[in-house]
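Asker: work.txt (compact mmCIF, C-alpha atoms) pasted underneath:
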```txt
# COMPACT_ATOMS: atom_id res chain seq x y z
CA MET A 1 -72.40 99.38 -111.90
CA THR A 2 -71.42 97.33 -108.90
CA ALA A 3 -69.37 98.70 -106.02
CA ALA A 4 -65.73 99.47 -106.69
CA HIS A 5 -63.64 96.32 -106.87
CA PRO A 6 -60.69 96.26 -104.43
CA HIS A 7 -58.52 94.29 -106.84
CA VAL A 8 -59.24 95.70 -110.30
CA ASP A 9 -55.81 94.69 -111.55
CA ASP A 10 -56.37 91.06 -110.51
CA LEU A 11 -59.73 91.10 -112.32
CA LEU A 12 -58.29 92.48 -115.54
CA ARG A 13 -55.40 90.03 -115.94
CA PRO A 14 -57.47 86.91 -116.72
CA LEU A 15 -59.84 88.95 -118.92
CA ALA A 16 -57.07 90.34 -121.15
CA PRO A 17 -56.42 87.21 -123.28
CA GLN A 18 -60.13 86.51 -123.56
CA VAL A 19 -60.83 89.95 -125.01
CA VAL A 20 -57.83 89.78 -127.35
CA GLY A 21 -59.20 86.45 -128.55
CA VAL A 22 -62.64 87.92 -129.24
CA LEU A 23 -61.25 90.76 -131.34
CA THR A 24 -58.66 88.63 -133.14
CA ARG A 25 -61.36 86.17 -134.10
CA ARG A 26 -63.55 88.98 -135.49
CA PHE A 27 -60.95 91.16 -137.17
CA GLY A 28 -58.28 88.59 -138.03
CA ASP A 29 -55.50 90.89 -136.77
CA PHE A 30 -53.79 89.80 -133.56
CA ASP A 31 -51.38 92.75 -133.57
CA ALA A 32 -54.06 95.44 -133.76
CA ALA A 33 -56.37 93.57 -131.38
CA GLU A 34 -53.66 93.28 -128.73
CA ASP A 35 -52.86 97.01 -128.98
CA ALA A 36 -56.55 97.93 -128.71
CA VAL A 37 -57.05 95.72 -125.67
CA GLN A 38 -54.05 97.30 -123.93
CA GLU A 39 -55.69 100.71 -124.38
CA ALA A 40 -58.97 99.33 -123.02
CA LEU A 41 -57.16 97.91 -119.99
CA LEU A 42 -55.61 101.30 -119.28
CA ASP A 43 -59.07 102.92 -119.52
CA ALA A 44 -60.42 100.35 -117.07
CA LEU A 45 -57.57 100.95 -114.62
CA ALA A 46 -58.32 104.66 -114.77
CA GLN A 47 -62.12 104.42 -114.47
CA TRP A 48 -63.13 101.33 -112.52
CA PRO A 49 -61.53 102.14 -109.14
CA ALA A 50 -63.46 105.43 -109.03
CA GLU A 51 -66.66 104.52 -110.91
CA GLY A 52 -67.03 100.87 -109.98
CA VAL A 53 -66.64 97.64 -111.93
CA PRO A 54 -69.22 97.11 -114.72
CA ASP A 55 -71.75 94.32 -114.31
CA ASN A 56 -70.17 92.65 -117.35
CA PRO A 57 -66.44 93.53 -117.22
CA LYS A 58 -65.56 91.43 -120.26
CA GLY A 59 -68.32 93.04 -122.34
CA TRP A 60 -67.15 96.51 -121.29
CA LEU A 61 -63.58 95.73 -122.33
CA VAL A 62 -64.70 94.25 -125.65
CA GLN A 63 -66.83 97.31 -126.41
CA VAL A 64 -64.03 99.79 -125.62
CA ALA A 65 -61.38 97.76 -127.46
CA TYR A 66 -63.73 97.28 -130.43
CA ARG A 67 -64.14 101.04 -130.71
CA ARG A 68 -60.36 101.46 -130.62
CA MET A 69 -60.06 98.94 -133.45
CA ILE A 70 -62.64 100.81 -135.55
CA GLU A 71 -60.85 104.11 -134.90
CA GLN A 72 -57.58 102.59 -136.05
CA VAL A 73 -59.15 101.17 -139.18
CA ARG A 74 -60.79 104.46 -140.10
CA SER A 75 -57.85 106.72 -139.30
CA GLU A 76 -55.06 104.85 -141.09
CA GLN A 77 -55.00 104.61 -144.86
CA ALA A 78 -52.94 101.44 -144.71
CA ARG A 79 -55.80 99.69 -142.91
CA ARG A 80 -58.56 100.60 -145.35
CA ARG A 81 -58.43 97.18 -146.95
CA ARG A 82 -58.94 95.50 -143.60
CA GLU A 83 -62.02 97.62 -142.94
CA GLU A 84 -63.49 96.52 -146.27
CA LEU A 85 -62.66 92.90 -145.46
CA VAL A 86 -64.28 93.12 -142.03
CA THR A 87 -67.35 94.89 -143.50
CA ALA A 88 -67.76 92.22 -146.15
CA ARG A 89 -67.25 89.37 -143.73
CA ASP A 90 -69.28 90.54 -140.73
CA PRO A 91 -73.07 90.77 -140.62
CA ALA A 92 -74.54 94.26 -140.55
CA GLY A 93 -75.19 94.09 -136.83
CA HIS A 94 -71.45 93.84 -136.16
CA ARG A 95 -70.50 97.02 -138.02
CA THR A 96 -70.95 99.04 -134.86
CA SER A 97 -69.42 98.31 -131.49
CA PRO A 98 -71.30 95.58 -129.57
CA ALA A 99 -73.35 96.33 -126.49
CA ALA A 100 -71.36 96.28 -123.25
CA ASP A 101 -73.84 93.88 -121.63
CA LEU A 102 -73.47 91.25 -124.36
CA ALA A 103 -72.48 88.01 -122.66
CA TYR A 104 -70.11 86.59 -125.33
CA GLU A 105 -70.77 83.02 -124.30
CA ALA A 106 -70.21 81.89 -127.88
CA ASP A 107 -66.73 83.33 -127.93
CA GLY A 108 -65.59 81.11 -125.06
CA ASP A 109 -62.32 81.47 -123.20
CA ASP A 110 -59.41 82.07 -125.58
CA THR A 111 -56.74 82.11 -122.87
CA LEU A 112 -55.24 78.79 -123.94
CA VAL A 113 -55.24 79.87 -127.61
CA MET A 114 -53.47 83.11 -126.65
CA LEU A 115 -50.87 81.18 -124.64
CA PHE A 116 -50.09 78.94 -127.59
CA LEU A 117 -49.99 81.91 -129.97
CA SER A 118 -47.70 83.99 -127.72
CA CYS A 119 -45.32 81.05 -127.26
CA HIS A 120 -44.91 80.37 -130.97
CA PRO A 121 -41.74 78.32 -131.63
CA ALA A 122 -40.54 80.97 -134.12
CA LEU A 123 -40.02 83.41 -131.25
CA THR A 124 -36.92 83.64 -129.08
CA PRO A 125 -37.53 82.88 -125.37
CA ALA A 126 -37.07 86.58 -124.51
CA SER A 127 -39.65 87.66 -127.09
CA ALA A 128 -42.09 84.91 -126.11
CA ILE A 129 -41.85 85.89 -122.44
CA ALA A 130 -42.51 89.55 -123.22
CA LEU A 131 -45.44 88.80 -125.52
CA THR A 132 -46.94 86.30 -123.07
CA LEU A 133 -46.80 88.78 -120.21
CA ARG A 134 -48.47 91.44 -122.33
CA ALA A 135 -51.06 89.49 -124.37
CA VAL A 136 -51.92 86.85 -121.77
CA GLY A 137 -50.78 88.37 -118.50
CA GLY A 138 -52.30 91.77 -119.21
CA LEU A 139 -49.15 93.65 -118.16
CA THR A 140 -48.42 96.93 -119.90
CA THR A 141 -45.20 97.47 -121.82
CA ALA A 142 -44.04 99.81 -119.06
CA GLU A 143 -44.63 97.14 -116.38
CA ILE A 144 -42.73 94.51 -118.38
CA SER A 145 -39.84 96.86 -119.08
CA ARG A 146 -39.57 97.67 -115.37
CA ALA A 147 -39.61 93.99 -114.47
CA PHE A 148 -36.74 93.23 -116.83
CA MET A 149 -34.96 96.53 -116.19
CA VAL A 150 -34.74 97.62 -119.83
CA PRO A 151 -35.97 100.87 -121.39
CA GLU A 152 -39.65 100.90 -122.28
CA ALA A 153 -38.78 101.64 -125.93
CA THR A 154 -36.57 98.54 -126.06
CA MET A 155 -39.33 96.35 -124.66
CA ALA A 156 -41.87 97.87 -127.05
CA GLN A 157 -39.61 96.98 -129.98
CA ARG A 158 -39.19 93.44 -128.66
CA ILE A 159 -42.94 92.95 -128.40
CA SER A 160 -43.53 94.54 -131.81
CA ARG A 161 -40.99 92.25 -133.46
CA ALA A 162 -42.61 89.24 -131.81
CA LYS A 163 -46.02 90.17 -133.21
CA GLN A 164 -44.50 90.79 -136.64
CA ARG A 165 -42.98 87.31 -136.60
CA ILE A 166 -46.34 85.78 -135.74
CA ARG A 167 -48.03 87.78 -138.51
CA ALA A 168 -45.35 86.74 -141.02
CA SER A 169 -45.77 83.08 -140.06
CA GLY A 170 -49.35 83.16 -141.34
CA VAL A 171 -50.55 81.09 -138.37
CA PRO A 172 -54.36 81.35 -138.13
CA PHE A 173 -55.96 82.24 -134.81
CA GLY A 174 -56.91 79.03 -133.07
CA MET A 175 -55.48 76.01 -131.32
CA PRO A 176 -52.62 74.25 -133.14
CA GLU A 177 -53.43 71.04 -134.93
CA PRO A 178 -53.08 67.92 -132.77
CA GLU A 179 -49.86 66.85 -134.49
CA GLU A 180 -48.08 70.10 -133.56
CA ARG A 181 -49.79 70.72 -130.24
CA SER A 182 -47.31 68.66 -128.27
CA ALA A 183 -44.31 70.63 -129.58
CA ARG A 184 -46.09 73.96 -129.06
CA LEU A 185 -47.11 72.93 -125.53
CA ALA A 186 -43.45 72.34 -124.72
CA SER A 187 -42.77 75.97 -125.70
CA VAL A 188 -45.67 77.19 -123.54
CA LEU A 189 -44.44 75.30 -120.50
CA HIS A 190 -40.85 76.44 -121.06
CA VAL A 191 -41.83 80.11 -121.29
CA LEU A 192 -43.88 79.92 -118.07
CA TYR A 193 -40.94 78.14 -116.40
CA LEU A 194 -38.56 80.92 -117.47
CA ILE A 195 -40.94 83.63 -116.26
CA PHE A 196 -41.18 81.95 -112.86
CA ASN A 197 -37.42 81.48 -112.56
CA GLU A 198 -36.77 85.13 -113.34
CA GLY A 199 -39.30 86.12 -110.70
CA TYR A 200 -38.04 83.72 -108.05
CA THR A 201 -34.35 84.56 -108.50
CA ALA A 202 -33.88 87.76 -110.49
CA GLY A 203 -30.93 87.64 -112.85
CA ASP A 204 -29.90 91.19 -112.00
CA GLY A 205 -30.98 94.24 -110.09
CA PRO A 206 -31.39 95.26 -106.45
CA GLY A 207 -33.83 92.55 -105.31
CA LEU A 208 -33.54 88.77 -105.06
CA HIS A 209 -37.18 88.33 -106.10
CA ARG A 210 -39.51 89.87 -108.66
CA VAL A 211 -42.67 88.78 -106.98
CA GLU A 212 -44.98 90.12 -109.69
CA LEU A 213 -43.34 87.81 -112.24
CA SER A 214 -43.39 84.65 -110.13
CA ARG A 215 -47.02 85.28 -109.14
CA GLU A 216 -48.00 85.88 -112.76
CA ALA A 217 -46.25 82.67 -113.82
CA ILE A 218 -48.16 80.74 -111.15
CA ARG A 219 -51.45 82.31 -112.24
CA LEU A 220 -50.84 81.44 -115.89
CA ALA A 221 -49.67 77.91 -115.00
CA ARG A 222 -52.82 77.45 -112.92
CA THR A 223 -54.93 78.65 -115.87
CA LEU A 224 -53.12 76.33 -118.27
CA HIS A 225 -53.53 73.35 -115.94
CA GLY A 226 -57.24 74.07 -115.54
CA LEU A 227 -57.81 74.37 -119.29
CA LEU A 228 -55.84 71.19 -120.05
CA ARG A 229 -57.33 69.10 -117.23
CA GLY A 230 -58.19 65.70 -118.63
CA SER A 231 -56.39 66.37 -121.93
CA PRO A 232 -54.09 63.66 -123.27
CA HIS A 233 -51.71 66.39 -124.50
CA GLY A 234 -49.59 67.41 -121.56
CA ASP A 235 -51.97 67.62 -118.61
CA CYS A 236 -49.47 65.77 -116.39
CA GLU A 237 -46.55 68.05 -117.23
CA ALA A 238 -48.73 71.15 -116.85
CA ALA A 239 -49.65 69.87 -113.39
CA GLY A 240 -46.00 69.11 -112.71
CA LEU A 241 -44.96 72.65 -113.65
CA LEU A 242 -47.63 74.21 -111.43
CA ALA A 243 -46.61 71.90 -108.57
CA LEU A 244 -42.95 72.85 -109.05
CA MET A 245 -43.80 76.56 -108.88
CA LEU A 246 -45.92 76.19 -105.76
CA LEU A 247 -43.45 73.94 -103.93
CA THR A 248 -40.57 76.29 -104.76
CA ASP A 249 -42.36 79.60 -104.16
CA ALA A 250 -43.52 78.30 -100.75
CA ARG A 251 -39.97 78.89 -99.49
CA ARG A 252 -39.79 82.51 -100.65
CA PRO A 253 -40.73 84.10 -97.27
CA ALA A 254 -37.61 82.56 -95.69
CA ARG A 255 -35.16 83.16 -98.57
CA THR A 256 -34.04 86.63 -97.54
CA GLY A 257 -32.83 88.12 -94.28
CA PRO A 258 -32.24 91.70 -93.13
CA GLY A 259 -31.40 93.97 -96.04
CA GLY A 260 -32.65 91.42 -98.57
CA ILE A 261 -29.50 89.26 -98.29
CA PRO A 262 -30.16 85.66 -99.47
CA VAL A 263 -30.49 82.94 -96.83
CA PRO A 264 -29.22 79.48 -97.96
CA LEU A 265 -31.75 76.65 -97.87
CA ALA A 266 -29.97 74.90 -94.99
CA GLU A 267 -30.19 78.05 -92.83
CA GLN A 268 -33.79 79.07 -93.55
CA ASP A 269 -36.45 79.30 -90.85
CA ARG A 270 -38.79 76.61 -92.14
CA ARG A 271 -41.62 77.89 -89.97
CA LEU A 272 -41.94 80.72 -92.49
CA TRP A 273 -42.60 78.39 -95.41
CA ASP A 274 -46.11 78.51 -96.93
CA ARG A 275 -47.61 75.19 -95.84
CA GLU A 276 -50.80 75.66 -97.87
CA ALA A 277 -48.79 76.06 -101.07
CA ILE A 278 -46.72 72.99 -100.14
CA ALA A 279 -49.86 70.93 -99.56
CA GLU A 280 -51.41 72.05 -102.87
CA GLY A 281 -48.21 71.41 -104.79
CA GLY A 282 -47.80 67.99 -103.21
CA ALA A 283 -51.35 66.98 -104.07
CA LEU A 284 -50.93 68.12 -107.68
CA LEU A 285 -47.68 66.19 -108.01
CA THR A 286 -49.07 63.01 -106.50
CA ALA A 287 -52.10 63.06 -108.83
CA ALA A 288 -49.91 63.71 -111.87
CA LEU A 289 -47.47 60.92 -111.05
CA LEU A 290 -50.34 58.46 -110.68
CA ARG A 291 -51.61 59.22 -114.19
CA GLY A 292 -48.56 58.15 -116.16
CA ALA A 293 -44.84 58.39 -116.83
CA ALA A 294 -43.18 61.37 -115.17
CA GLY A 295 -41.74 64.22 -117.22
CA PRO A 296 -38.94 66.69 -116.37
CA TYR A 297 -41.21 69.18 -114.57
CA GLN A 298 -42.68 66.45 -112.40
CA ILE A 299 -39.19 65.23 -111.48
CA GLN A 300 -38.13 68.76 -110.53
CA ALA A 301 -41.33 69.11 -108.50
CA ALA A 302 -40.52 65.85 -106.73
CA ILE A 303 -37.08 67.21 -105.78
CA ALA A 304 -38.69 70.37 -104.41
CA ALA A 305 -41.17 68.24 -102.47
CA VAL A 306 -38.38 66.24 -100.80
CA HIS A 307 -36.80 69.49 -99.60
CA ASP A 308 -40.15 70.84 -98.39
CA GLU A 309 -41.00 67.66 -96.49
CA ALA A 310 -37.85 67.79 -94.35
CA ALA A 311 -38.53 69.36 -90.96
CA THR A 312 -34.86 70.37 -90.70
CA ALA A 313 -31.97 70.60 -93.13
CA GLU A 314 -30.35 67.61 -91.45
CA GLU A 315 -33.42 65.45 -92.14
CA THR A 316 -33.30 66.07 -95.90
CA ASP A 317 -33.40 62.80 -97.86
CA TRP A 318 -30.33 63.52 -99.97
CA PRO A 319 -30.04 59.97 -101.41
CA GLN A 320 -33.54 60.35 -102.88
CA ILE A 321 -32.69 63.80 -104.24
CA LEU A 322 -29.49 62.42 -105.80
CA ALA A 323 -31.47 59.60 -107.46
CA LEU A 324 -34.03 62.08 -108.81
CA TYR A 325 -31.30 64.33 -110.24
CA GLY A 326 -29.74 61.30 -111.90
CA LEU A 327 -33.09 60.49 -113.50
CA LEU A 328 -33.58 64.11 -114.56
CA GLU A 329 -30.08 64.27 -116.06
CA ARG A 330 -30.78 61.19 -118.19
CA MET A 331 -34.21 62.50 -119.18
CA SER A 332 -33.26 66.10 -119.90
CA PRO A 333 -29.46 66.68 -119.99
CA ASN A 334 -28.61 70.18 -118.83
CA PRO A 335 -25.48 71.73 -117.26
CA MET A 336 -27.47 73.19 -114.36
CA VAL A 337 -28.97 69.76 -113.64
CA SER A 338 -25.46 68.29 -113.64
CA LEU A 339 -24.31 71.01 -111.24
CA ASN A 340 -27.18 70.30 -108.85
CA ARG A 341 -26.53 66.55 -109.06
CA ALA A 342 -22.90 67.21 -108.09
CA VAL A 343 -24.02 69.11 -104.99
CA ALA A 344 -26.45 66.31 -104.08
CA ALA A 345 -23.67 63.75 -104.57
CA ALA A 346 -21.48 65.75 -102.20
CA MET A 347 -24.21 65.65 -99.57
CA VAL A 348 -24.44 61.86 -99.90
CA HIS A 349 -20.88 60.76 -100.62
CA GLY A 350 -18.79 63.70 -99.41
CA PRO A 351 -17.42 66.92 -100.95
CA ALA A 352 -14.60 65.19 -102.84
CA THR A 353 -17.16 63.31 -104.95
CA GLY A 354 -19.08 66.51 -105.69
CA LEU A 355 -15.95 68.42 -106.63
CA ALA A 356 -14.91 65.67 -109.03
CA LEU A 357 -18.31 65.88 -110.75
CA LEU A 358 -17.97 69.66 -111.06
CA GLU A 359 -14.62 69.48 -112.88
CA PRO A 360 -16.03 68.64 -116.37
CA LEU A 361 -18.48 71.56 -116.09
CA ALA A 362 -15.61 74.08 -115.86
CA THR A 363 -14.93 73.73 -119.60
CA GLY A 364 -18.56 73.66 -120.75
CA PRO A 365 -21.41 76.19 -120.98
CA LEU A 366 -21.10 76.97 -117.26
CA ALA A 367 -17.47 78.07 -117.54
CA GLY A 368 -17.28 81.52 -116.02
CA HIS A 369 -20.82 81.27 -114.61
CA HIS A 370 -21.27 82.43 -111.03
CA ARG A 371 -23.39 79.37 -110.18
CA LEU A 372 -20.46 77.04 -110.86
CA HIS A 373 -18.11 79.10 -108.68
CA THR A 374 -20.74 79.28 -105.92
CA ALA A 375 -21.25 75.51 -105.89
CA ARG A 376 -17.53 74.83 -105.93
CA ALA A 377 -16.93 77.34 -103.11
CA HIS A 378 -19.63 75.62 -101.02
CA LEU A 379 -18.09 72.18 -101.54
CA LEU A 380 -14.56 73.45 -100.89
CA GLU A 381 -15.82 74.97 -97.64
CA MET A 382 -17.36 71.59 -96.75
CA ALA A 383 -13.99 69.95 -97.49
CA GLY A 384 -12.17 72.40 -95.23
CA ASP A 385 -10.20 74.08 -98.03
CA LEU A 386 -11.10 77.58 -96.88
CA SER A 387 -8.47 79.40 -98.92
CA ALA A 388 -9.73 77.95 -102.20
CA ALA A 389 -13.35 78.49 -101.10
CA VAL A 390 -12.67 82.19 -100.54
CA GLU A 391 -11.27 82.50 -104.07
CA ASP A 392 -14.36 80.90 -105.59
CA TYR A 393 -16.77 82.96 -103.50
CA ARG A 394 -15.00 86.11 -104.65
CA ALA A 395 -15.05 84.93 -108.27
CA ALA A 396 -18.78 84.20 -108.03
CA ALA A 397 -19.43 87.63 -106.53
CA SER A 398 -17.63 89.31 -109.41
CA LEU A 399 -19.68 87.41 -112.00
CA THR A 400 -23.26 87.80 -110.73
CA ALA A 401 -25.40 90.79 -111.75
CA SER A 402 -27.72 90.30 -108.77
CA LEU A 403 -26.86 92.78 -106.04
CA PRO A 404 -28.26 90.63 -103.17
CA GLU A 405 -26.33 87.58 -104.36
CA ARG A 406 -23.17 89.66 -104.76
CA GLY A 407 -23.56 90.95 -101.21
CA TYR A 408 -24.08 87.44 -99.84
CA LEU A 409 -21.10 85.97 -101.70
CA THR A 410 -18.82 88.85 -100.74
CA ALA A 411 -19.83 88.53 -97.09
CA ARG A 412 -19.28 84.76 -97.20
CA ALA A 413 -15.79 85.24 -98.61
CA ALA A 414 -14.99 87.88 -95.99
CA ARG A 415 -16.23 85.67 -93.15
CA LEU A 416 -14.15 82.70 -94.31
CA GLY A 417 -11.17 84.96 -94.91
CA ALA A 418 -11.43 86.31 -91.38
CA HIS A 419 -11.75 82.79 -89.99
CA LEU A 420 -8.73 81.70 -92.00
CA GLY A 421 -6.72 84.68 -90.72
CA ALA A 422 -7.75 83.95 -87.15
CA SER A 423 -6.66 80.33 -87.54
CA VAL A 424 -3.21 81.40 -88.77
CA THR A 425 -2.87 83.86 -85.86
CA THR A 426 -3.83 81.16 -83.39
CA LEU A 427 -1.26 78.81 -84.89
CA LEU A 428 1.56 81.36 -84.70
CA THR A 429 0.83 82.31 -81.07
CA SER A 430 0.49 78.76 -79.74
CA ASP A 431 3.14 76.91 -77.77
CA ASP A 432 3.84 74.75 -80.81
CA ALA A 433 4.42 77.68 -83.17
CA PRO A 434 7.86 77.71 -84.82
CA LEU A 435 10.44 80.19 -83.54
```
Translate this structure into structure tokens?
Answerer:
Amino acid sequence: MTAAHPHVDDLLRPLAPQVVGVLTRRFGDFDAAEDAVQEALLDALAQWPAEGVPDNPKGWLVQVAYRRMIEQVRSEQARRRREELVTARDPAGHRTSPAADLAYEADGDDTLVMLFLSCHPALTPASAIALTLRAVGGLTTAEISRAFMVPEATMAQRISRAKQRIRASGVPFGMPEPEERSARLASVLHVLYLIFNEGYTAGDGPGLHRVELSREAIRLARTLHGLLRGSPHGDCEAAGLLALMLLTDARRPARTGPGGIPVPLAEQDRRLWDREAIAEGGALLTAALLRGAAGPYQIQAAIAAVHDEAATAEETDWPQILALYGLLERMSPNPMVSLNRAVAAAMVHGPATGLALLEPLATGPLAGHHRLHTARAHLLEMAGDLSAAVEDYRAAASLTASLPERGYLTARAARLGAHLGASVTTLLTSDDAPL
């Protein structure tokens, strides 16, 4: 044994999908392999901090998980047939658990395979996110349920249903065929994008961020980019997604003030931004753009880069951002893209232009969404219509499930309301006030 590792959890996360891949390849049962590996991870978390990290951590995990698989096969009547199949298929030397110091070079790194399997198009985004975080991210069901603020039993059912869907699909363990890889890669990128977004701006709960989710999304995006480097199937968009995450997450230290209240981009202390992350994201984006036509994630990364490059809010190149949003809207139509383009148009051409672009969104998918009311309130405030802005800020506050956002929006409405009241008082007490 080596000395105790200070970051056992960080060591286990990248090993989890590799070990699941080893056992799935040998037993042909992703569901049982994933369960066994989760038990092995829990054993490691309990033992390694006190006893030290094994010389071959992956081999140790495979050995423990393998034993769990054998125990399951032998203890459940319903799995007798699988035991016979494994016995008939495997050489005699594999009928007992492998040695912990076995290197497993032949098994390779199955992380990419596990990502594609967990993001199967048959799964809903919610199920794919949960399964990805567990099978590839190495998070326990309890950790995932806490992150999404649902009961552990509910999350366990969601993960179980996802694995049942994969089993029912009959998809063999391995990389998708080239003709379907592009479509499956789109699902992988989308799931990682959703995980990051939920971590960067939590949809509900007491905190604005769920740092563990955004960090895990960045780690998985970095892994995906590394495994796809040089591949003709999506390397540029994988790089674009990683760049987008880094360029966006770089602003996280300045996004909240005292009490966790959100700080708008224009008011953030840019000295707190992570310049190393900005530099890495910019380099990734530049290299990706030089390799070929830009995709939606690269365009979003370019928008984030323009914001990050501005030394002050006033120096932001809003015409360039507006042009990029126009390109993104044509490339990947989306109500949220249209909303952001309207805000950018307001910054370039004035609030009246932005408000006009927001009008069609009020009867679409964003009707009743707090983001639409927030954007409209901001533009109305820019236009000087404080009374209408207060109404929209209050409406947005009533619609969001995020406590920090609700607090910010409520405070914004109160501040404008107080300013509006003070203006009326000033008017009525001036020399020109009517009698």
Asker: Just to confirm, what's the straight-line distance from CA of Ala217 (chain A) to CA of Phe196 (chain A) in Å (one decimal)?
Answerer: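 Going from CA of Ala217 (chain A) over to CA of Phe196 (chain A) covers 5.2 Å.
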Asker: Identify which of the residues A:Gly407, A:Gly137, A:Gly350, A:Pro54 lies closest to Pro17 (chain A), counting only C-alpha atoms when measuring atom-to-atom distances.
Answerer: A:Gly137
Asker: I'd like to know which of A:Arg270, A:Arg167, A:Arg341, A:Arg219 is closest to Gln300 (chain A), using only C-alpha atoms.
Answerer: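 Counting only C-alpha atoms, the residue closest to Gln300 (chain A) is A:Arg341.
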Asker: Hey, can you check how far CA of Leu11 (chain A) sits from CA of Leu213 (chain A)?
Answerer: 16.7 Å
Asker: For region 39-45 of chain A, please output as a short mmCIF file (atom, residue, chain, number, x, y, z; two decimals) with C-alpha atoms, in the coordinates of the input all residues within 9 Å (counting all atoms listed in the file; exclusion window: fewer than 4 positions along the same chain).
Answerer:
```
data_model
loop_
_atom_site.label_atom_id
_atom_site.label_comp_id
_atom_site.auth_asym_id
_atom_site.auth_seq_id
_atom_site.Cartn_x
_atom_site.Cartn_y
_atom_site.Cartn_z
CA VAL A 8 -59.24 95.70 -110.30
CA ASP A 9 -55.81 94.69 -111.55
CA LEU A 12 -58.29 92.48 -115.54
CA ALA A 16 -57.07 90.34 -121.15
CA GLU A 34 -53.66 93.28 -128.73
CA ASP A 35 -52.86 97.01 -128.98
CA PRO A 49 -61.53 102.14 -109.14
CA VAL A 53 -66.64 97.64 -111.93
CA TRP A 60 -67.15 96.51 -121.29
CA LEU A 61 -63.58 95.73 -122.33
CA VAL A 62 -64.70 94.25 -125.65
CA GLN A 63 -66.83 97.31 -126.41
CA VAL A 64 -64.03 99.79 -125.62
CA ALA A 65 -61.38 97.76 -127.46
CA ARG A 68 -60.36 101.46 -130.62
CA GLY A 138 -52.30 91.77 -119.21
CA THR A 140 -48.42 96.93 -119.90
#
```
Asker: If I take CA of Leu220 (chain A) and CA of His120 (chain A), how far is one from the other in Å, to one decimal?
Answerer: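 CA of Leu220 (chain A) sits 16.2 Å away from CA of His120 (chain A).
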Asker: Given the choices A:Val22, A:Ala156, A:Ala310, A:Ala395, which gets closest to Thr410 (chain A) if the distance is worked out from all atoms listed in the file?
Answerer: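 Closest to Thr410 (chain A), using all atoms listed in the file: A:Ala395.
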